[in-house]
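Enquirer: Mind having a look at this structure? Questions to follow.
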Amino acid sequence: MEDAVSRSSVESSSTNDDYVVVNGEPKLKITGDINDLNDEVSQSSKKMTSTLTPSSSLGADPQSPISSVDNVFPSSQSTGAIGEDPVSGDSKGRSMSLPGVTDEGYTTFNGVTYLGCALVNAPRSEVEIYRNMSILNEQSKQAIPIELYVPRTSEGNVRTNGVVRLVDPGTDTDIACYKIHRILFCARGPSDSEEKMCFAFTCSHGDNPDSAIFQCHVFRCELQEAVAKILYSFATSFRRLPKSIGRSTSSISEAEVTAIFSVNLEFKEDDGKGSYSTCPKDKNIFKFRCDYDKKIVISVTQTGNKELRIERCFGLLLSPGRNVKDGDMHLIEMNSMGYSSDGRTYSISGNWEISEECFKVLDTETPKDTRVFLTVAVDLVICGIQEPVRFAIETKAKIFPHNERFWYFTKKPHQEQFFVKLKLNCGSRMPKTETDAPDVVQYEVVEVQSQTQIDRQKAGMSLQGLKHHRQMSEGVQSPQDDDESDGDEPLLSGSGVVSKEVTDDNLLEAWHEVLVKWHQNLSQRPKQVQQLAKKGIPEALRGEVWQLLAGCHDNSELMEAYRILITKESPMESVIQRDINRTFPAHAFFKQSGGLGQDSLYRISKAYSVYDEEIGYVQGLSFLAAALLLHMPEEQAFSVLVKICFDYELRDLFKQGFEVLHLKFYQLERLMQDLTGDLYEHFMEMGLEIHMFASQWFLTLFTAKFPLFLVFHILDLFLCEGKDVIFNVAIALLKMSRKDLLALDFEGILKYFRVHMPKKYRTEEAARELMAAAVSAKVTSKKLKKYEKEYITMKEQEMQQEDPIERMERENKRLLEDNMRLEQENDDLAHELVDSKLTLKSELDEVQDQNKEMKTDLTKHKKLLKDTQEEKHRLEVENQQVKEMCRKELERLETENSRNTVIVTDYKQICTQLSERLEKQQTAHREELSRIKILVKSCEACSKMFDADGKVNLPEPKIDPEKMNPKIVDLQQQVRELELELAQTKLALVESECKTQDLTHSLHAAVSEIQASKNTWFTKTLNSIKEVANTHTGKKEPKD
């Protein structure tokens, strides 16, 4: 198992699809830029033009489209001539800086030194190649001088056969040859290191991906300039085609061409602030809100080789639904169109008024789990094409309420690729030169297809394809079996339809009882589960039952970890993205590129690669994750996947050396030997090994090739009974295909496993029959343990019988790999340690700063606390003083109030007595006055002294004090004294009230000062004083 860095380097530099190409089209990765190599070669060529003779082209074909610079490179390593000097006829007369192009079609470099080779795990890892280059350059003691022959083309010819040759310059014999198709990576030494004059390439050896090994071959030149020339020669050999291929290519008719356009679609929504914000998109579904006007923005970029310029946009159209007729599309008002600043992208934007009646369905809130389709089309007038070209994009949207807020989403535009097939009009001519006017060419549009339509047609999902297939099936009756009539194409993964209907009511009732009992105690699995799982879990219940079987029902820890993991980056993202498109391509959920299924599968695969750093991402897990996604949401699917890999030990199959997987192969081989002896003997005669057909069974749990109904039933048993179920299913497959396999040869057997065996189980009846055979297969854990012990014993004996040197070499190789892996891990840990130290240092500085700030705050708070305590003590003293003052003043007021009460009481009594006496005297006085008036009126002389009103009209009498009555004088004197005493009493009362008011003001001031302490005694005291004052005021009676 390669180390993490090597693994990531493989993926970052890989140019192939599944595995490293062993026998296939040439694909090469060269570090650096080929243009930089070209410039470097050109500069070094200019420096040595003085050494070139006029005939230095070495017989190159003057009509050849390949320039002499591409074929003949100055090389200061040349120690001998490849051909005769046309001037002197002496090979030694040639310039020593010039390689030759031989008649066989090679570019030859002399004076190159071969340093040796080393086995590598990651053939496209720059790190690993640089490491081997450094080791071999430093330690190689037996360097071999060679001549390097690089073919001029990747295909070669009859004599070159497309191989790189290492030739002994002394004997002119081949030391080694490497097919150009097997060279995977070329690299030059860093210019600032000791390896600046070295270069290396990696080459694959083996007939298939399982047995392929990779070697790194290292070479050294005497001058640094020669390295660039050699790498450039490798690059050009891969770029060029043989002349025969060029001629055949040029003979292809140019009457029909295909123009490729990439169209991006995005919607923008009115944000209420005078501008538009991009509508979010979740899982390839746009999110709209009701009652908001929107803007449609379309960007068109031409990605093909045929350059066609867009003149203008003829119309922007929109309609709800899909497969919309042209007449049902509604024109949208455009507000801008034109090319971007780089001149590559043509943008069109238009305003979409959502209030129009025809768009009502796109402005109505959609129910939960419901989407609406809409179609956006743009008609473009393109120079050189007679009629406008329409690009129609079908997409989905979900309509939310007016006030909805979106939290997790992406703003990537919806992208679609269109292929416009054009036909040259009769009478039009192709431009002969680049200066020809573009309108001389007139094309007709033959067909416009989107990538989505092409994918549907490939999968047989287009409406026309379905219709045609239906007509064919009705018109022609084939006598062949299903697996025969399908031809030799293998069954696509994800094939088959699994119905959720259950015809057996007793089965549903049994599962209902089991689930109710299970949910009451999740830690204990009911006994009936095993028997029910053998019959197959109902499709509608599989998601819930799988989680219960795996022991991760409602596992919040793993689900929360998943939400965090999907936000992190993975070094395997490019590989995951590549594998997603070919995982369950036959299933509609995973078919659309960038659709909901592929996005979910990508996130789960990436999350697991980050979660399990030791294993990372392996290709087989994507099929298993896809099967889980069809039954449960992403978080639960990730939890079950983790449980399968760890608790069911699936990840052990992928560990370094695949030792556990080889053990499984041996156990299956021994089971075949015991249970299907004749089939085992046949396989041995054919030279067929177990790993040639069973590796995918173990690594993917049968999910990669077999129909879904069978896959799901296998997973039912796997989750219920454990990993040994794989052997039961494998033995059942072999037994049920025994007769067919015995009649086939080596190639036929492999084809049968790959093509015909999965097709046998497309019906539910065949799948049920297979699973019944698997359940009844005699595979016991005791037998598997016995085989495991045999395997371990056999491996120990092999190690004992093995040549010690070979064993030590293999052990040394393994230790070197472990050492390299550990070194890389050590480097990673060192980087992590440095990063963690820097992080801790930064955090420590922050904590120290915070500590310093907190200490300063603590000092301030201590000082503030001390001041507060002193203030509190002062207020307490003042409070006691105020309380004492109030108490004394209250006592004084109570005493004075008591005295005033007594005085008032006496005064009231005196006033009462005086009032009585006065009333008596007034009554006597009135009676006396009436008597006197009567006497006076009886006298004529005296009656004149009174007016008509009865008033006395006399001059002021002069009173003689001596004649006055002494009693009257005394009474008058007493009255005056009483009035004086009453006035003094009123004055004292007024003074008392004034003092009471002063005390009340003082109390209010004291209350304001000690309000913070909020003592209840003060409130009570103040209320008491107010009550006394009010009582005293109520008892007062004014005196005349």
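Ligands are numbered from 1 in the order shown, chains are lettered A, B, ... in the order of the structure tokens, and residues start at 1 in each chain.
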Contacts of region 409-419 of chain A at 7 Å or less, counting only C-alpha atoms, minus same-chain residues fewer than 3 places along, as an NGL selection string?
Expert: :A and (258-266 or 278-282 or 448-451)
Enquirer: Among region 574-806 of chain A, which ones does DSSP assign to alpha helix (DSSP H) (computed from the backbone)? Answer as JSON, numbers by chain.
Expert: {"A": [574, 575, 576, 577, 578, 579, 580, 588, 589, 590, 591, 596, 597, 598, 599, 600, 601, 602, 603, 604, 605, 606, 607, 608, 609, 610, 611, 619, 620, 621, 622, 623, 624, 625, 626, 627, 628, 629, 634, 635, 636, 637, 638, 639, 640, 641, 642, 643, 644, 645, 646, 659, 660, 661, 662, 663, 664, 665, 666, 667, 668, 669, 670, 671, 672, 673, 674, 675, 677, 678, 679, 680, 681, 682, 683, 684, 685, 686, 691, 692, 693, 694, 695, 696, 697, 698, 699, 700, 708, 709, 710, 711, 712, 713, 714, 715, 716, 717, 718, 719, 720, 721, 725, 726, 727, 728, 729, 730, 731, 732, 733, 734, 735, 736, 738, 739, 740, 741, 742, 746, 747, 748, 749, 750, 751, 757, 758, 759, 764, 765, 766, 767, 768, 769, 770, 771, 772, 773, 774, 775, 776, 781, 782, 783, 784, 785, 786, 787, 788, 789, 790, 791, 792, 793, 794, 795, 796, 797, 798, 799, 800, 801, 804, 805, 806]}
Enquirer: Please determine, counting only C-alpha atoms, which residue among A:Tyr114, A:Lys643, A:Pro145, A:Val164 has the shortest atom-to-atom distance to Ala200 (chain A).
Expert: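 Counting only C-alpha atoms, the residue closest to Ala200 (chain A) is A:Tyr114.
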Enquirer: At a cut-off of 9 Å, using only C-alpha atoms, what residues contact region 349-363 of chain A? Leave out same-chain residues fewer than 2 positions from it and give the result as a PyMOL selection string.
Expert: chain A and resi 288-299+316+318-320+330+332-337+347+365-366+372-374+397-400
Enquirer: Go ahead and compute the interatomic distance for CA of Glu404 (chain A) and CA of Ser277 (chain A), in Å to one decimal.
Expert: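 Answer for the CA of Glu404 (chain A) to CA of Ser277 (chain A) separation: 14.4 Å.
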Enquirer: Within 12 Å of Asp505 (chain A), counting only C-alpha atoms, which residues qualify if same-chain residues fewer than 6 places away don't, as a PyMOL selection string?
Expert: chain A and resi 511-512+538
Enquirer: Could you take the residues named above and write them with N, CA, C and O atoms, as an mmCIF file, in the first residue's frame?
Expert:
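New file out-v8.cif:
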data_model
loop_
_atom_site.group_PDB
_atom_site.id
_atom_site.type_symbol
_atom_site.label_atom_id
_atom_site.label_comp_id
_atom_site.auth_asym_id
_atom_site.auth_seq_id
_atom_site.Cartn_x
_atom_site.Cartn_y
_atom_site.Cartn_z
ATOM 1 N N TRP A 511 -42.331 -8.400 10.559
ATOM 2 C CA TRP A 511 -41.332 -7.333 10.682
ATOM 3 C C TRP A 511 -41.830 -6.218 11.600
ATOM 4 O O TRP A 511 -41.056 -5.615 12.341
ATOM 5 N N HIS A 512 -43.131 -5.942 11.538
ATOM 6 C CA HIS A 512 -43.678 -4.906 12.413
ATOM 7 C C HIS A 512 -43.501 -5.285 13.883
ATOM 8 O O HIS A 512 -43.076 -4.464 14.707
ATOM 9 N N PRO A 538 -38.087 -6.265 3.509
ATOM 10 C CA PRO A 538 -38.928 -5.466 2.594
ATOM 11 C C PRO A 538 -38.255 -4.141 2.242
ATOM 12 O O PRO A 538 -37.637 -3.493 3.087
#
Enquirer: Find the residues around Leu675 (chain A) up to 9 Å (only C-alpha atoms counted), leave out those fewer than 5 positions away in its own chain, and share them as a PDB file with all heavy atoms, in the first residue's frame.
Expert:
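This is the output file selection_24.pdb:
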ATOM      1  N   ARG A 670     -10.114 -23.086  -1.118  1.00  0.00           N
ATOM      2  CA  ARG A 670     -10.274 -24.345  -0.376  1.00  0.00           C
ATOM      3  C   ARG A 670     -11.740 -24.753  -0.318  1.00  0.00           C
ATOM      4  O   ARG A 670     -12.063 -25.948  -0.372  1.00  0.00           O
ATOM      5  CB  ARG A 670      -9.726 -24.165   1.042  1.00  0.00           C
ATOM      6  CG  ARG A 670      -8.226 -24.008   1.099  1.00  0.00           C
ATOM      7  CD  ARG A 670      -7.491 -25.326   0.807  1.00  0.00           C
ATOM      8  NE  ARG A 670      -7.626 -26.234   1.937  1.00  0.00           N
ATOM      9  CZ  ARG A 670      -8.333 -27.353   1.954  1.00  0.00           C
ATOM     10  NH1 ARG A 670      -8.987 -27.729   0.854  1.00  0.00           N
ATOM     11  NH2 ARG A 670      -8.397 -28.135   3.020  1.00  0.00           N
ATOM     12  N   ILE A 731     -19.949 -19.260  -3.240  1.00  0.00           N
ATOM     13  CA  ILE A 731     -20.122 -20.684  -3.509  1.00  0.00           C
ATOM     14  C   ILE A 731     -21.436 -20.942  -4.242  1.00  0.00           C
ATOM     15  O   ILE A 731     -21.521 -21.761  -5.177  1.00  0.00           O
ATOM     16  CB  ILE A 731     -20.061 -21.479  -2.190  1.00  0.00           C
ATOM     17  CG1 ILE A 731     -18.638 -21.426  -1.608  1.00  0.00           C
ATOM     18  CG2 ILE A 731     -20.504 -22.903  -2.396  1.00  0.00           C
ATOM     19  CD1 ILE A 731     -17.581 -22.057  -2.488  1.00  0.00           C
ATOM     20  N   LYS A 735     -21.801 -22.737  -7.837  1.00  0.00           N
ATOM     21  CA  LYS A 735     -22.581 -23.970  -7.994  1.00  0.00           C
ATOM     22  C   LYS A 735     -23.657 -23.817  -9.053  1.00  0.00           C
ATOM     23  O   LYS A 735     -23.852 -24.718  -9.897  1.00  0.00           O
ATOM     24  CB  LYS A 735     -23.219 -24.337  -6.653  1.00  0.00           C
ATOM     25  CG  LYS A 735     -22.267 -24.990  -5.658  1.00  0.00           C
ATOM     26  CD  LYS A 735     -23.021 -25.423  -4.416  1.00  0.00           C
ATOM     27  CE  LYS A 735     -22.105 -26.185  -3.467  1.00  0.00           C
ATOM     28  NZ  LYS A 735     -22.836 -26.651  -2.255  1.00  0.00           N
ATOM     29  N   LYS A 778     -22.870 -24.921   2.733  1.00  0.00           N
ATOM     30  CA  LYS A 778     -22.202 -25.472   3.916  1.00  0.00           C
ATOM     31  C   LYS A 778     -20.878 -24.752   4.150  1.00  0.00           C
ATOM     32  O   LYS A 778     -19.797 -25.298   3.925  1.00  0.00           O
ATOM     33  CB  LYS A 778     -21.988 -26.969   3.739  1.00  0.00           C
ATOM     34  CG  LYS A 778     -23.285 -27.760   3.608  1.00  0.00           C
ATOM     35  CD  LYS A 778     -23.016 -29.232   3.389  1.00  0.00           C
ATOM     36  CE  LYS A 778     -24.312 -30.015   3.251  1.00  0.00           C
ATOM     37  NZ  LYS A 778     -24.086 -31.472   3.032  1.00  0.00           N
TER      38      LYS A 778
END
Enquirer: Provide the CA of Asn132 (chain A) to CA of Ala118 (chain A) distance in Å, to one decimal place.
Expert: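 If I compute the distance from CA of Asn132 (chain A) to CA of Ala118 (chain A), I get 6.9 Å.
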Enquirer: How far is it from CA of Leu770 (chain A) to CA of Ser737 (chain A), in Å with one decimal?
Expert: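 Atom-to-atom, CA of Leu770 (chain A) to CA of Ser737 (chain A), that is 10.4 Å.
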Enquirer: Go through A:Ala607, A:Gln848, A:Leu708, A:Tyr787 one by one, measure the shortest atom-to-atom distance of each to Met672 (chain A) using only C-alpha atoms, and give the residue with the smallest value.
Expert: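 Under the stated criterion, the closest residue is A:Tyr787.
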